[in-house]
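Each remark here refers to the structure printed beneath this line.
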Amino acid sequence: MAKITFIEADGKEHQVEAQEGQSVMQAAMDNLVPGIVAECGGFASCATCHGYVDEAWTTKLPAPDAAEEGMISCAYHVQPNSRLTCQLKVTPALDGLVVRLPVSQTSE
Amino acid sequence: MEERIVIVGAGQAGGELAAGLRKHGYKGRVLLLGDEAHPPYQRPPLSKGFLQGKVALSDLYLKPLATYERFEIELKTGTRVEAIHRSSREISLGDGSRLGYDKLVLATGGRARPLNLPGLEGARPENLFALRSISDVEAMRGRFVSGNRLVIIGGGYVGLEVAAVAVQLGLQVTLLEAAPRLLSRVTGPEVSSFIERLHRERGVQFRLACEVRGLELDEARRQVRGVSLAYQGVPELLEADLVLVGIGLTPNTELASAAGLAVDNGIVVDEYACTADPDILAVGDCANQPSAYTGGRIRLESVPNAIEHARVAVATLMGKREPYAAIPWFWSDQYGLKLQMVGLSTGYEQCVTRGSAEGKEFSAFYLKDRRVIAADVIGRPAEFMVAKRLVSSRVEVDATRLGDAAVPLNSFAA
Ligand SMILES: Cc1cc2nc3c(=O)[nH]c(=O)nc-3n(C[C@H](O)[C@H](O)[C@H](O)COP(=O)(O)OP(=O)(O)OC[C@H]3O[C@@H](n4cnc5c(N)ncnc54)[C@H](O)[C@@H]3O)c2cc1C
Ligand code: FES
């Protein structure tokens with residue numbers, strides 16, 4: 001298990017217990033975190049699970065593959081630490097991970 | 001008594017709606033009733049990774065059962081709603097009991113459109129399938145073995161995705177389509193022929209512009225032996241070990257029409273997901289709604305629509321009014337290639353392509369009045385993201401420059 005904190009664009013924090021092996025996106029879904037929409041269900045096709053990974057973790061994560069890279073490169077409100085959370089697998093090393101959510105996913 | 005929202009249909013839209021109510025702090029009771037044995041799940045992998053055996057059953061579930069408990073969503077699976085009694089604001093269930101509601105949301109989706117063919121009257125052959133649910137996949141999986149002959153009736157996305165999975169599993173696949181090209185209602189000819197080639201190269205056989213005339217059954221009328229058809233005017237009998245029918249969806253509107261609500265290719269709702277009865281809403285595949293994007297009415301069958309429509313209904317139920325505004329989009333996956341489609345190309349005047357339709361990936365942009373109204377993007381996710389913006393911003397584009405691969409697509413986006 002790993003604790004993950006999601007921070008909505010308006011600053012509201014949600015700390016959740018994520019299960020090893022699931023995606024960071026799924027951990028948000030399981031805990032009804034607003035701000036992650038995940039229209040495609042985790043297949044790197046929609047970029048509505050976009051999040052900014054706090055700096056301390058960017059190097060601990062595997063680099064994005066070509067599909068993720070492509071989706072992120074032209075997503076809304078991209079930053080250097082932008083990732084598709086559905087492509088990030090939860091491991092014990094991610095305990096304490098902080099993911100900030102872009103303003104474009106908070107319209108819900 | 002505590003206020004009660006009852007949702008009929010525990011699919012993509014119903015599940016999203018129940019979760020959305022809790023996300024927005026709704027304090028009353030939320031009941032989510034579904035006739036399937038499963039909690040809300042994703043259907044897209046049914047014709048893709050799940051059929052192929054690459055996605056596990058538990059990974060289809062949108063949320064684990066524990067989530068519904070924790071957030072006090074009263075999920076009742078295996079529960080069919082039989083009727084709505086509007087005057088007493090009650091519904092009746094399959095077991096004869098009644099349940100009261102303050103607000104009722106119909107999220108009943110649809111069912112596979114059945115084939116009406118001579119030879120089929122009264123018969124329910126064991127090897128004739130449709131694909132809508134987990135149980136449909138479970139029923140056909142045993143026959144998805146190498147060497148079996150599969151005939152697919154219908155060249156839409158579901159039929160094509162199943163064809164892709166099946167040839168990869170070693171089945172002999174023939175796909176029959178009444179129109180002269182694949183996906184004819186949703187894409188331009190450039191994309192149709194690209195997809196046809198993609199499949200042909202891997203061994204899928206096609207009979208386009210073909211007329212299916214009937215099914216040959218065995219004597220016990222329990223098995224389909226073959227499909228008879230006319231292709232280029234010549235009658236033909238295709239032998240089959242299994243047949244899949246993928247000819248579209250019939251929306252589940254019977255509950256609504258029996259209750260006197262308007263139905264016209266779906267349950268008629270306004271831009272806030274409301275029917276004419278202020279206490280009854282409808283969302284997702286079963287609903288026919290006004291579309292700001294087309295200016296007309298529309299019934300969409302996609303996950304993004306189910307999610308957006310549920311969002312609109314949550315706002316309505318929470319006393320806010322936020323009309324549906326999203327642009328339709330859809331994706332497919334065939335042979336590991338990503339197909340992403342945005343907008344509706346109906347009525348386009350010009351198709352501009354980037355990249356070569358003879359290659360492995362390309363994009364097709366559909367223009368009307370110098371604006372991109374839709375795009376099909378194959379294997380180029382970054383271009384899809386830009387296409388989405390072009391379609392929603394409605395900016396004017398220069399078709400020649402749009403088709404010039406040397407001009408970065410990003411430079412067109414507003
Ligand atoms: C094989 C397949 C592949 C697909 N691929 C894609 C894709 O790649 N991308 C995409 O965007 N979309 C895809 N779709 C479409 C997408 O899955 C649907 O648009 C979406 O599921 C619609 O959600 P919904 O909640 O409206 O309906 P559903 O998910 O169908 O849910 C409706 C539920 O209501 C239940 N129900 C109906 N009547 C009653 C009743 N009287 N009482 C109780 N329960 C009832 C039904 O059994 C069902 O469980 C695919 C669909 C299929 C079948
Ligand atoms: S859920 Fe669609 S890209 Fe991550």
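Residue numbering restarts at 1 for every chain of the structure tokens, chains are lettered A, B, ... in their displayed order, and ligands are numbered from 1 as they appear.
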ask   = Counting only C-alpha atoms and all ligand atoms, which protein, DNA or RNA residues come within 10 Å of ligand 2, given as a PyMOL selection string?
value = chain A and resi 23-26+36-51+67-68+71-72+83-88
Keeping N, CA, C and O atoms for every residue in the selection just given, could you write it to a file as a short mmCIF file (atom, residue, chain, number, x, y, z; two decimals), in the first residue's frame?
data_model
loop_
_atom_site.label_atom_id
_atom_site.label_comp_id
_atom_site.auth_asym_id
_atom_site.auth_seq_id
_atom_site.Cartn_x
_atom_site.Cartn_y
_atom_site.Cartn_z
N SER A 23 -3.32 1.42 -10.92
CA SER A 23 -2.75 2.67 -11.44
C SER A 23 -3.10 3.80 -10.47
O SER A 23 -4.04 3.69 -9.67
N VAL A 24 -2.34 4.86 -10.57
CA VAL A 24 -2.61 6.03 -9.73
C VAL A 24 -4.01 6.57 -10.06
O VAL A 24 -4.77 6.97 -9.18
N MET A 25 -4.39 6.53 -11.35
CA MET A 25 -5.72 6.95 -11.76
C MET A 25 -6.79 6.10 -11.05
O MET A 25 -7.75 6.64 -10.50
N GLN A 26 -6.60 4.77 -11.02
CA GLN A 26 -7.60 3.91 -10.41
C GLN A 26 -7.73 4.20 -8.91
O GLN A 26 -8.83 4.15 -8.35
N ILE A 36 -10.26 13.81 -11.62
CA ILE A 36 -9.73 12.80 -12.54
C ILE A 36 -10.95 12.17 -13.20
O ILE A 36 -11.82 11.62 -12.52
N VAL A 37 -11.05 12.31 -14.51
CA VAL A 37 -12.25 11.87 -15.21
C VAL A 37 -12.07 10.48 -15.80
O VAL A 37 -12.93 9.62 -15.71
N ALA A 38 -10.91 10.25 -16.41
CA ALA A 38 -10.54 8.93 -16.93
C ALA A 38 -11.55 8.37 -17.93
O ALA A 38 -12.02 7.25 -17.80
N GLU A 39 -11.88 9.16 -18.95
CA GLU A 39 -12.90 8.74 -19.92
C GLU A 39 -12.56 7.42 -20.60
O GLU A 39 -13.44 6.61 -20.86
N CYS A 40 -11.29 7.20 -20.91
CA CYS A 40 -10.97 5.98 -21.68
C CYS A 40 -10.71 4.79 -20.78
O CYS A 40 -10.41 3.70 -21.27
N GLY A 41 -10.79 4.97 -19.48
CA GLY A 41 -10.65 3.84 -18.58
C GLY A 41 -9.23 3.33 -18.43
O GLY A 41 -9.03 2.20 -18.02
N GLY A 42 -8.26 4.15 -18.78
CA GLY A 42 -6.88 3.76 -18.49
C GLY A 42 -6.07 3.29 -19.68
O GLY A 42 -5.04 2.64 -19.52
N PHE A 43 -6.52 3.61 -20.89
CA PHE A 43 -5.83 3.12 -22.08
C PHE A 43 -5.06 4.21 -22.83
O PHE A 43 -4.84 4.11 -24.04
N ALA A 44 -4.67 5.24 -22.11
CA ALA A 44 -3.86 6.32 -22.68
C ALA A 44 -4.48 6.90 -23.94
O ALA A 44 -3.80 7.23 -24.91
N SER A 45 -5.80 7.03 -23.95
CA SER A 45 -6.47 7.54 -25.15
C SER A 45 -7.19 8.85 -24.94
O SER A 45 -7.72 9.41 -25.90
N CYS A 46 -7.28 9.34 -23.70
CA CYS A 46 -8.13 10.52 -23.48
C CYS A 46 -7.45 11.70 -22.81
O CYS A 46 -7.90 12.83 -22.96
N ALA A 47 -6.42 11.45 -22.02
CA ALA A 47 -5.75 12.50 -21.26
C ALA A 47 -6.67 13.24 -20.30
O ALA A 47 -6.42 14.40 -19.98
N THR A 48 -7.72 12.59 -19.81
CA THR A 48 -8.53 13.22 -18.77
C THR A 48 -8.18 12.64 -17.39
O THR A 48 -8.96 12.73 -16.45
N CYS A 49 -7.00 12.04 -17.31
CA CYS A 49 -6.47 11.58 -16.02
C CYS A 49 -5.14 12.28 -15.78
O CYS A 49 -4.31 11.82 -15.03
N HIS A 50 -4.98 13.41 -16.46
CA HIS A 50 -3.75 14.20 -16.41
C HIS A 50 -3.48 14.72 -15.00
O HIS A 50 -4.38 15.21 -14.34
N GLY A 51 -2.22 14.59 -14.54
CA GLY A 51 -1.85 15.13 -13.24
C GLY A 51 -0.41 15.62 -13.26
O GLY A 51 0.38 15.21 -14.12
N ALA A 67 3.01 6.47 -26.52
CA ALA A 67 1.59 6.82 -26.52
C ALA A 67 1.31 7.90 -25.48
O ALA A 67 0.62 8.90 -25.77
N GLU A 68 1.84 7.73 -24.29
CA GLU A 68 1.62 8.72 -23.24
C GLU A 68 2.26 10.05 -23.64
O GLU A 68 1.64 11.12 -23.52
N MET A 71 0.09 11.89 -26.15
CA MET A 71 -1.13 12.45 -25.57
C MET A 71 -0.80 13.67 -24.72
O MET A 71 -1.49 14.69 -24.77
N ILE A 72 0.23 13.54 -23.90
CA ILE A 72 0.58 14.63 -22.99
C ILE A 72 1.11 15.85 -23.75
O ILE A 72 0.77 16.99 -23.42
N ARG A 83 1.87 14.06 -16.27
CA ARG A 83 1.80 12.64 -16.59
C ARG A 83 0.34 12.22 -16.76
O ARG A 83 -0.57 12.89 -16.27
N LEU A 84 0.15 11.08 -17.44
CA LEU A 84 -1.17 10.45 -17.46
C LEU A 84 -1.17 9.50 -16.26
O LEU A 84 -0.40 8.53 -16.25
N THR A 85 -2.02 9.77 -15.29
CA THR A 85 -1.95 8.95 -14.07
C THR A 85 -2.37 7.51 -14.31
O THR A 85 -2.04 6.64 -13.53
N CYS A 86 -3.07 7.24 -15.41
CA CYS A 86 -3.45 5.84 -15.68
C CYS A 86 -2.24 5.01 -16.10
O CYS A 86 -2.30 3.79 -16.10
N GLN A 87 -1.15 5.68 -16.47
CA GLN A 87 0.04 4.96 -16.91
C GLN A 87 1.05 4.78 -15.77
O GLN A 87 2.13 4.24 -15.97
N LEU A 88 0.70 5.25 -14.58
CA LEU A 88 1.61 5.14 -13.43
C LEU A 88 1.14 4.02 -12.52
O LEU A 88 0.06 4.09 -11.94
#
Find the nearest atom pair between each residue of chain B and ligand 1 for residues within 7 Å, count only C-alpha atoms and all ligand atoms, give distances in Å to one decimal, sort rows by chain and ascending number, and present the table as a Markdown table.
| residue | atom | partner | partner_atom_place_in_ligand_line | distance |
| --- | --- | --- | --- | --- |
| B:Val8 | CA | ligand 1 | 43 (C) | 5.3 |
| B:Gly9 | CA | ligand 1 | 34 (O) | 3.2 |
| B:Ala10 | CA | ligand 1 | 33 (C) | 5.0 |
| B:Gly11 | CA | ligand 1 | 31 (O) | 3.3 |
| B:Gln12 | CA | ligand 1 | 25 (O) | 3.8 |
| B:Ala13 | CA | ligand 1 | 25 (O) | 3.6 |
| B:Gly14 | CA | ligand 1 | 25 (O) | 5.4 |
| B:Leu33 | CA | ligand 1 | 43 (C) | 5.6 |
| B:Gly34 | CA | ligand 1 | 44 (N) | 3.7 |
| B:Asp35 | CA | ligand 1 | 44 (N) | 4.0 |
| B:Glu36 | CA | ligand 1 | 47 (O) | 5.2 |
| B:Gln42 | CA | ligand 1 | 17 (O) | 6.2 |
| B:Arg43 | CA | ligand 1 | 17 (O) | 4.2 |
| B:Pro44 | CA | ligand 1 | 5 (N) | 3.4 |
| B:Pro45 | CA | ligand 1 | 3 (C) | 6.4 |
| B:Leu46 | CA | ligand 1 | 1 (C) | 4.9 |
| B:Ser47 | CA | ligand 1 | 1 (C) | 4.5 |
| B:Thr79 | CA | ligand 1 | 43 (C) | 5.7 |
| B:Arg80 | CA | ligand 1 | 42 (N) | 3.7 |
| B:Val81 | CA | ligand 1 | 42 (N) | 3.9 |
| B:Glu82 | CA | ligand 1 | 41 (N) | 5.7 |
| B:Ala107 | CA | ligand 1 | 25 (O) | 5.3 |
| B:Thr108 | CA | ligand 1 | 34 (O) | 3.7 |
| B:Gly109 | CA | ligand 1 | 27 (O) | 3.3 |
| B:Gly110 | CA | ligand 1 | 30 (O) | 5.5 |
| B:Leu131 | CA | ligand 1 | 1 (C) | 5.4 |
| B:Arg132 | CA | ligand 1 | 53 (C) | 3.8 |
| B:Ser133 | CA | ligand 1 | 53 (C) | 6.3 |
| B:Val158 | CA | ligand 1 | 1 (C) | 5.4 |
| B:Asn252 | CA | ligand 1 | 38 (N) | 6.1 |
| B:Leu255 | CA | ligand 1 | 41 (N) | 6.7 |
| B:Val283 | CA | ligand 1 | 26 (O) | 6.3 |
| B:Gly284 | CA | ligand 1 | 26 (O) | 3.4 |
| B:Asp285 | CA | ligand 1 | 26 (O) | 3.8 |
| B:Cys286 | CA | ligand 1 | 26 (O) | 5.9 |
| B:Glu301 | CA | ligand 1 | 19 (O) | 3.8 |
| B:Ser302 | CA | ligand 1 | 19 (O) | 3.3 |
| B:Val303 | CA | ligand 1 | 11 (O) | 3.8 |
| B:Pro304 | CA | ligand 1 | 11 (O) | 5.6 |
| B:Ala306 | CA | ligand 1 | 23 (O) | 5.2 |
| B:Phe330 | CA | ligand 1 | 11 (O) | 4.7 |
| B:Trp331 | CA | ligand 1 | 8 (O) | 4.9 |
| B:Ser332 | CA | ligand 1 | 8 (O) | 4.6 |
Quick one: DSSP strand (DSSP E) residues in region 6-101 of chain A, as a CSV table (one decimal) with N, CA and C atoms, in the first residue's frame?
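As written to disk, out.csv reads:
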chain,number,residue,atom,x,y,z
A,6,PHE,N,-3.9,13.6,-3.7
A,6,PHE,CA,-4.3,14.4,-4.9
A,6,PHE,C,-4.7,15.8,-4.4
A,7,ILE,N,-4.2,16.8,-5.1
A,7,ILE,CA,-4.6,18.1,-4.8
A,7,ILE,C,-5.4,18.7,-6.0
A,13,GLU,N,-7.4,19.0,-0.8
A,13,GLU,CA,-6.5,17.8,-0.8
A,13,GLU,C,-7.3,16.5,-0.5
A,14,HIS,N,-6.9,15.4,-1.1
A,14,HIS,CA,-7.5,14.1,-0.9
A,14,HIS,C,-6.4,13.1,-0.7
A,15,GLN,N,-6.3,12.6,0.5
A,15,GLN,CA,-5.3,11.6,0.8
A,15,GLN,C,-6.0,10.2,0.7
A,16,VAL,N,-5.4,9.3,-0.1
A,16,VAL,CA,-6.0,8.0,-0.3
A,16,VAL,C,-5.0,6.9,-0.1
A,17,GLU,N,-5.5,5.7,0.2
A,17,GLU,CA,-4.6,4.5,0.3
A,17,GLU,C,-4.7,3.8,-1.1
A,18,ALA,N,-3.6,3.7,-1.7
A,18,ALA,CA,-3.6,3.1,-3.1
A,18,ALA,C,-3.0,1.6,-2.9
A,50,HIS,N,-5.0,13.4,-16.5
A,50,HIS,CA,-3.7,14.2,-16.4
A,50,HIS,C,-3.5,14.7,-15.0
A,51,GLY,N,-2.2,14.6,-14.5
A,51,GLY,CA,-1.9,15.1,-13.2
A,51,GLY,C,-0.4,15.6,-13.3
A,52,TYR,N,-0.1,16.5,-12.3
A,52,TYR,CA,1.3,17.0,-12.2
A,52,TYR,C,1.9,16.3,-11.0
A,53,VAL,N,3.0,15.6,-11.3
A,53,VAL,CA,3.7,14.8,-10.3
A,53,VAL,C,4.7,15.7,-9.5
A,82,SER,N,4.0,16.9,-16.2
A,82,SER,CA,2.7,16.3,-16.5
A,82,SER,C,2.8,14.9,-16.8
A,83,ARG,N,1.9,14.1,-16.3
A,83,ARG,CA,1.8,12.6,-16.6
A,83,ARG,C,0.3,12.2,-16.8
A,84,LEU,N,0.1,11.1,-17.4
A,84,LEU,CA,-1.2,10.5,-17.5
A,84,LEU,C,-1.2,9.5,-16.3
A,97,LEU,N,3.4,10.0,-2.5
A,97,LEU,CA,3.3,10.7,-3.8
A,97,LEU,C,2.3,11.8,-3.7
A,98,VAL,N,2.6,12.9,-4.3
A,98,VAL,CA,1.7,14.1,-4.4
A,98,VAL,C,1.4,14.3,-5.8
A,99,VAL,N,0.1,14.3,-6.2
A,99,VAL,CA,-0.3,14.6,-7.6
A,99,VAL,C,-1.2,15.8,-7.6
A,100,ARG,N,-0.9,16.9,-8.3
A,100,ARG,CA,-1.7,18.0,-8.4
A,100,ARG,C,-2.6,17.9,-9.7
| chain B residues within 9 Å of chain A, counting only C-alpha atoms: which ones, as a count of residues only? | 36
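With only C-alpha atoms as the atoms that count, the minimum distance from Phe50 (chain B) to the choices B:Leu244, B:Val137, B:Leu182, B:Ile378 is reached by B:Val137.
CA of Val55 (chain B) to CA of Leu176 (chain B) spans 27.5 Å [interatomic distance, one decimal].
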Could you name the residues that touch His77 (chain A) at 8 Å or less, counting only C-alpha atoms, but leaving out those on the same chain fewer than 2 positions away, as a short mmCIF file (atom, residue, chain, number, x, y, z; two decimals) with N, CA and C atoms, in the first residue's frame?
data_model
loop_
_atom_site.label_atom_id
_atom_site.label_comp_id
_atom_site.auth_asym_id
_atom_site.auth_seq_id
_atom_site.Cartn_x
_atom_site.Cartn_y
_atom_site.Cartn_z
N ALA A 75 -1.74 18.03 -24.64
CA ALA A 75 -2.88 18.13 -23.73
C ALA A 75 -3.07 19.58 -23.28
N GLN A 79 2.69 20.83 -18.28
CA GLN A 79 3.89 21.30 -17.59
C GLN A 79 4.95 20.21 -17.74
N PRO A 102 -4.93 19.30 -12.92
CA PRO A 102 -5.05 20.51 -13.74
C PRO A 102 -6.46 21.11 -13.66
N VAL A 103 -6.52 22.38 -13.91
CA VAL A 103 -7.78 23.10 -13.81
C VAL A 103 -8.79 22.59 -14.84
N SER A 104 -8.29 22.07 -15.98
CA SER A 104 -9.20 21.62 -17.04
C SER A 104 -10.04 20.41 -16.63
#
Neighbours of Leu31 (chain B) within 7 Å (only C-alpha atoms; same-chain residues fewer than 4 positions away dropped), as JSON, numbers by chain? {"B": [5, 6, 7, 73, 74, 75]}
Would you mind listing what lies within 12 Å of Lys60 (chain A) as a PDB file with N, CA and C atoms, in the first residue's frame, with only C-alpha atoms counted and same-chain residues fewer than 2 positions away left out?
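Final output, selection13.pdb:
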ATOM      1  N   VAL A  53       3.020  15.566 -11.308  1.00  0.00           N
ATOM      2  CA  VAL A  53       3.682  14.772 -10.278  1.00  0.00           C
ATOM      3  C   VAL A  53       4.689  15.662  -9.547  1.00  0.00           C
ATOM      4  N   ASP A  54       4.596  15.695  -8.214  1.00  0.00           N
ATOM      5  CA  ASP A  54       5.524  16.543  -7.451  1.00  0.00           C
ATOM      6  C   ASP A  54       6.964  16.109  -7.725  1.00  0.00           C
ATOM      7  N   GLU A  55       7.832  17.120  -7.753  1.00  0.00           N
ATOM      8  CA  GLU A  55       9.219  16.931  -8.202  1.00  0.00           C
ATOM      9  C   GLU A  55       9.950  15.754  -7.567  1.00  0.00           C
ATOM     10  N   ALA A  56       9.763  15.582  -6.265  1.00  0.00           N
ATOM     11  CA  ALA A  56      10.491  14.526  -5.562  1.00  0.00           C
ATOM     12  C   ALA A  56      10.269  13.152  -6.194  1.00  0.00           C
ATOM     13  N   TRP A  57       9.179  13.000  -6.936  1.00  0.00           N
ATOM     14  CA  TRP A  57       8.859  11.676  -7.479  1.00  0.00           C
ATOM     15  C   TRP A  57       9.130  11.529  -8.970  1.00  0.00           C
ATOM     16  N   THR A  58       9.330  12.645  -9.649  1.00  0.00           N
ATOM     17  CA  THR A  58       9.433  12.532 -11.110  1.00  0.00           C
ATOM     18  C   THR A  58      10.532  11.543 -11.514  1.00  0.00           C
ATOM     19  N   PRO A  62       8.932   5.494 -13.974  1.00  0.00           N
ATOM     20  CA  PRO A  62       9.425   5.161 -15.311  1.00  0.00           C
ATOM     21  C   PRO A  62       9.019   6.260 -16.298  1.00  0.00           C
ATOM     22  N   ALA A  63       9.852   6.506 -17.284  1.00  0.00           N
ATOM     23  CA  ALA A  63       9.567   7.545 -18.275  1.00  0.00           C
ATOM     24  C   ALA A  63       8.321   7.173 -19.073  1.00  0.00           C
ATOM     25  N   LEU A  88       0.701   5.246 -14.576  1.00  0.00           N
ATOM     26  CA  LEU A  88       1.611   5.143 -13.435  1.00  0.00           C
ATOM     27  C   LEU A  88       1.144   4.020 -12.519  1.00  0.00           C
ATOM     28  N   LYS A  89       1.975   3.009 -12.368  1.00  0.00           N
ATOM     29  CA  LYS A  89       1.624   1.884 -11.488  1.00  0.00           C
ATOM     30  C   LYS A  89       2.043   2.194 -10.064  1.00  0.00           C
ATOM     31  N   VAL A  90       1.172   1.857  -9.119  1.00  0.00           N
ATOM     32  CA  VAL A  90       1.483   2.095  -7.713  1.00  0.00           C
ATOM     33  C   VAL A  90       2.480   1.042  -7.212  1.00  0.00           C
ATOM     34  N   THR A  91       3.573   1.513  -6.631  1.00  0.00           N
ATOM     35  CA  THR A  91       4.557   0.623  -5.992  1.00  0.00           C
ATOM     36  C   THR A  91       4.832   1.201  -4.605  1.00  0.00           C
ATOM     37  N   PRO A  92       5.421   0.395  -3.719  1.00  0.00           N
ATOM     38  CA  PRO A  92       5.719   0.930  -2.386  1.00  0.00           C
ATOM     39  C   PRO A  92       6.599   2.174  -2.462  1.00  0.00           C
ATOM     40  N   ALA A  93       7.427   2.275  -3.494  1.00  0.00           N
ATOM     41  CA  ALA A  93       8.313   3.432  -3.631  1.00  0.00           C
ATOM     42  C   ALA A  93       7.533   4.729  -3.811  1.00  0.00           C
ATOM     43  N   LEU A  94       6.248   4.618  -4.183  1.00  0.00           N
ATOM     44  CA  LEU A  94       5.447   5.834  -4.408  1.00  0.00           C
ATOM     45  C   LEU A  94       4.748   6.315  -3.140  1.00  0.00           C
ATOM     46  N   ASP A  95       5.014   5.659  -2.008  1.00  0.00           N
ATOM     47  CA  ASP A  95       4.364   6.081  -0.764  1.00  0.00           C
ATOM     48  C   ASP A  95       4.654   7.557  -0.518  1.00  0.00           C
ATOM     49  N   LEU A  97       3.439   9.970  -2.485  1.00  0.00           N
ATOM     50  CA  LEU A  97       3.318  10.695  -3.761  1.00  0.00           C
ATOM     51  C   LEU A  97       2.261  11.814  -3.703  1.00  0.00           C
TER      52      LEU A  97
END
ask   = Among chain A, which residues carry a DSSP assignment of helix (DSSP H, G or I), reported as a PyMOL selection string?
value = chain A and resi 24-30+55-58+66-73+85-87+92-94+103-105
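Here CA of Ile4 (chain A) and CA of Asn81 (chain A) stand 16.4 Å from one another.
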Next on the checklist: Just want the 7 Å neighbourhood of region 349-366 of chain B, counted on only C-alpha atoms, with same-chain residues fewer than 4 positions away dropped. Output as a PyMOL selection string.
Outcome noted: chain B and resi 190+194+345+372-380+399+403-405
Residues as selected, C-alpha atoms, written as a compact mmCIF listing (two decimals), in the first residue's frame, can you do that?
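Just written: selection17.txt:
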# COMPACT_ATOMS: atom_id res chain seq x y z
CA GLU B 190 -10.00 7.31 -46.88
CA PHE B 194 -7.18 2.23 -44.49
CA SER B 345 -18.25 14.16 -39.91
CA VAL B 372 -12.68 21.29 -38.83
CA ILE B 373 -15.94 19.62 -37.75
CA ALA B 374 -14.45 16.18 -37.11
CA ALA B 375 -11.23 14.20 -37.33
CA ASP B 376 -10.14 10.56 -37.38
CA VAL B 377 -6.64 10.09 -36.06
CA ILE B 378 -4.85 6.79 -36.42
CA GLY B 379 -1.70 6.09 -34.42
CA ARG B 380 -0.93 9.77 -33.79
CA ALA B 399 -6.89 23.39 -45.91
CA GLY B 403 -2.58 18.95 -45.24
CA ASP B 404 1.08 19.96 -45.26
CA ALA B 405 2.95 17.70 -42.85
